[in-house]
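Heads up: the structure comes next, in structure tokens.
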Amino acid sequence: MAQFGLDLPEYPWEAMAPYLARASQHADGIVNLSIGTPVDPTPAVVRDALAAASDAPGYPTTHGTDALRAAISAWFARRRGVPDLDPQHIMPTVGSKEMVAWLPTLLGLGAGDIVVRPVVAYPTYDVGARLAGATSVAADNLDELDAATRSRVRLIWVNSPGNPTGAVRSRESLASIVEQARAIGALVASDECYAELGWGDWDDHTVPSILDPVASAGSHKGLLTVYSMSKQSNMAGYRAAFIGGDPEVMANLVNSRKHAGMIVPFPVQEAMRAALEDEAHVVEQKNLYRSRRQRLLPALQDFGVEISQSEAGLYLWGSAGEDTWTTVGRLADRGIVVGPGTFYGEAGNGHIRVALTATDERVDAAVERLLA
């Protein structure tokens, strides 16, 4: 009988089972800081909008409502320094992971094509290339690739702020990537879902988008930005995100997703619109994460973990100067579970990712254990 199924690697988090078991033995229970899933309530403004739109007997539009796309465009102008994103060139998506995983396929990439992803990166960039039959190559700059490899690059993923590192690319750095991509006819897709969660110098300054006029050289040609509502608005359960950019590419993506039936439900679209038009809940949520970050960071340093990058986002990226799994194990013995850096590529070996997405009570428990 023929073999069925995709030849994909095992989902990496399965390897965490024994460490979860060890941490669960702690007398005061487990503190799970390994996965960045929001734990705070979804804001009332979002839930109210969802409920108000719940009478939705007809099919929603794949392209998204005019009102939602106008709200996204206005948000880009107000919050991201992108004044010229046409609502026509925007589309809601079923979470940002859907687009990360399926963009190479929707673009028609396949055998012989190369998808470039960051050296330390979320594993779904690799999976997306494999689903399309393309090849994934890790690089933070096209200068790291030889000429033969560069000639086959069709898609370049940028992730700023980065997961897991929290690194933020400057406008000038993004502009350099854009220039390199345009020189070889490649598309740049920028995953920017942590952009509202800047720390330090980025706390009071806008985290740059690939569509920023400086980064894009005043044109959206060959550029796409992907954004998720999960982090800023606690909407992970809504699977609410969007993509925008190059007019021709966007028109093709809208058409392809119409054929595939990939549609964001109308009530979710209304919830997204309400969230994007309300900034108060975003500030409130960021303050919660700031408080947790300010408690966890020095406690981890006291434990011997040196924090690096971590300029934005929901994670602290650090190293105790030892093998990743040794650090993961020592923390599990204190009832704390963290993300292994090895899940994010070979360059992540020796590092751990610590999420800020735990309740205040669990964060305080982690701090007490780290300082013990």
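FYI, nothing fancy with the structure tokens labels: chains A, B, ... in order, residues from 1 per chain, ligands from 1 as they appear.
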
**Report entry** Spatial neighbours of range 120-130 of chain A, 10 Å, only C-alpha atoms, chain gap at least 2 places, as a ChimeraX atom specification
**Finding:** /A:6-9,11-12,97-105,109-111,113-118,132-140,155-159,162-165,341-349

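Residue neighbourhood of Ile243 in chain A, excluding near-sequence residues (fewer than 4 positions): Ile90, Met91, Thr225 and Val226 of chain A, at 6 Å, using only C-alpha atoms.
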
Convert the current residue selection to file output with N, CA, C and O atoms, as a PDB file, in the first residue's frame.
ATOM      1  N   ILE A  90      -4.109  44.592   1.491  1.00  0.00           N
ATOM      2  CA  ILE A  90      -4.105  43.997   2.824  1.00  0.00           C
ATOM      3  C   ILE A  90      -5.088  42.836   2.831  1.00  0.00           C
ATOM      4  O   ILE A  90      -6.100  42.870   2.126  1.00  0.00           O
ATOM      5  N   MET A  91      -4.805  41.813   3.653  1.00  0.00           N
ATOM      6  CA  MET A  91      -5.739  40.685   3.777  1.00  0.00           C
ATOM      7  C   MET A  91      -5.607  40.063   5.166  1.00  0.00           C
ATOM      8  O   MET A  91      -4.487  39.835   5.642  1.00  0.00           O
ATOM      9  N   THR A 225       4.531  42.254   4.669  1.00  0.00           N
ATOM     10  CA  THR A 225       4.633  42.243   6.121  1.00  0.00           C
ATOM     11  C   THR A 225       3.529  41.362   6.691  1.00  0.00           C
ATOM     12  O   THR A 225       2.400  41.368   6.193  1.00  0.00           O
ATOM     13  N   VAL A 226       3.867  40.581   7.710  1.00  0.00           N
ATOM     14  CA  VAL A 226       2.919  39.688   8.382  1.00  0.00           C
ATOM     15  C   VAL A 226       2.814  40.127   9.835  1.00  0.00           C
ATOM     16  O   VAL A 226       3.839  40.375  10.487  1.00  0.00           O
TER      17      VAL A 226
END

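The interatomic distance for the pair CA of Ser233 in chain A and CA of Gln285 in chain A works out to 7.5 Å.
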
Query raised in the report: Per DSSP on the backbone, what are the strand (DSSP E or B) residues of range 43-246 of chain A, as a ChimeraX atom specification?
Result: /A:90-94,114-117,135-138,153-159,187-191,198,223-228,240-245

Write the residues you've just listed into a file as a PDB file, in the first residue's frame, and include C-alpha atoms for each of them.
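Below is the file part.pdb, written as the result:
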ATOM      1  CA  ILE A  90      -4.105  43.997   2.824  1.00  0.00           C
ATOM      2  CA  MET A  91      -5.739  40.685   3.777  1.00  0.00           C
ATOM      3  CA  PRO A  92      -6.641  39.030   7.113  1.00  0.00           C
ATOM      4  CA  THR A  93      -5.191  35.556   7.703  1.00  0.00           C
ATOM      5  CA  VAL A  94      -5.915  32.624  10.017  1.00  0.00           C
ATOM      6  CA  ILE A 114      15.540  28.629  -1.998  1.00  0.00           C
ATOM      7  CA  VAL A 115      13.798  30.207   0.974  1.00  0.00           C
ATOM      8  CA  VAL A 116      16.152  32.122   3.267  1.00  0.00           C
ATOM      9  CA  ARG A 117      15.327  32.330   6.967  1.00  0.00           C
ATOM     10  CA  THR A 135      14.958  24.358   0.108  1.00  0.00           C
ATOM     11  CA  SER A 136      15.453  26.340   3.309  1.00  0.00           C
ATOM     12  CA  VAL A 137      18.796  28.067   3.924  1.00  0.00           C
ATOM     13  CA  ALA A 138      19.759  29.917   7.117  1.00  0.00           C
ATOM     14  CA  VAL A 153      16.757  32.603  -3.695  1.00  0.00           C
ATOM     15  CA  ARG A 154      13.076  33.421  -4.289  1.00  0.00           C
ATOM     16  CA  LEU A 155      11.877  34.315  -0.781  1.00  0.00           C
ATOM     17  CA  ILE A 156      13.682  35.896   2.179  1.00  0.00           C
ATOM     18  CA  TRP A 157      12.096  35.756   5.630  1.00  0.00           C
ATOM     19  CA  VAL A 158      12.926  38.558   8.040  1.00  0.00           C
ATOM     20  CA  ASN A 159      11.776  38.300  11.653  1.00  0.00           C
ATOM     21  CA  LEU A 187      10.590  38.640  -2.385  1.00  0.00           C
ATOM     22  CA  VAL A 188      11.063  39.752   1.244  1.00  0.00           C
ATOM     23  CA  ALA A 189       8.456  38.708   3.824  1.00  0.00           C
ATOM     24  CA  SER A 190       8.811  40.257   7.258  1.00  0.00           C
ATOM     25  CA  ASP A 191       7.251  38.593  10.309  1.00  0.00           C
ATOM     26  CA  GLY A 198       9.691  47.004  22.380  1.00  0.00           C
ATOM     27  CA  LEU A 223       7.790  43.320   0.078  1.00  0.00           C
ATOM     28  CA  LEU A 224       5.252  41.733   2.425  1.00  0.00           C
ATOM     29  CA  THR A 225       4.633  42.243   6.121  1.00  0.00           C
ATOM     30  CA  VAL A 226       2.919  39.688   8.382  1.00  0.00           C
ATOM     31  CA  TYR A 227       1.400  40.668  11.722  1.00  0.00           C
ATOM     32  CA  SER A 228      -0.512  38.851  14.468  1.00  0.00           C
ATOM     33  CA  ALA A 240      -6.346  36.728  13.968  1.00  0.00           C
ATOM     34  CA  ALA A 241      -3.593  38.148  11.796  1.00  0.00           C
ATOM     35  CA  PHE A 242      -3.001  39.937   8.508  1.00  0.00           C
ATOM     36  CA  ILE A 243      -0.606  40.396   5.623  1.00  0.00           C
ATOM     37  CA  GLY A 244       0.020  43.389   3.361  1.00  0.00           C
ATOM     38  CA  GLY A 245       2.431  44.840   0.848  1.00  0.00           C
TER      39      GLY A 245
END

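Closest approach to Val283 in chain A among A:Ala148, A:Gln232, A:Thr359, A:Gly339: A:Gln232, based on only C-alpha atoms.
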
With only C-alpha atoms as the counted atoms, please give the residues lying no more than 7 Å from Ala49 in chain A, apart from itself and same-chain residues fewer than 2 positions off, as a CSV table (one decimal) with C-alpha atoms, in the first residue's frame.
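Ended up saving to out-v3.csv:
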chain,number,residue,atom,x,y,z
A,45,VAL,CA,-13.5,45.7,23.6
A,46,VAL,CA,-12.5,42.6,21.6
A,47,ARG,CA,-15.0,40.2,23.1
A,51,ALA,CA,-20.4,39.1,20.3
A,52,ALA,CA,-22.0,42.0,18.4
A,53,ALA,CA,-20.9,40.3,15.1
A,270,GLU,CA,-14.9,42.6,13.6
A,271,ALA,CA,-12.9,41.7,16.7
A,274,ALA,CA,-12.1,46.8,17.3

Report task. Return the single residue from A:Ala332, A:Leu316, A:Ile263, A:Val207 that is closest to Tyr59 in chain A, with distances computed using only C-alpha atoms. Result -> A:Ile263
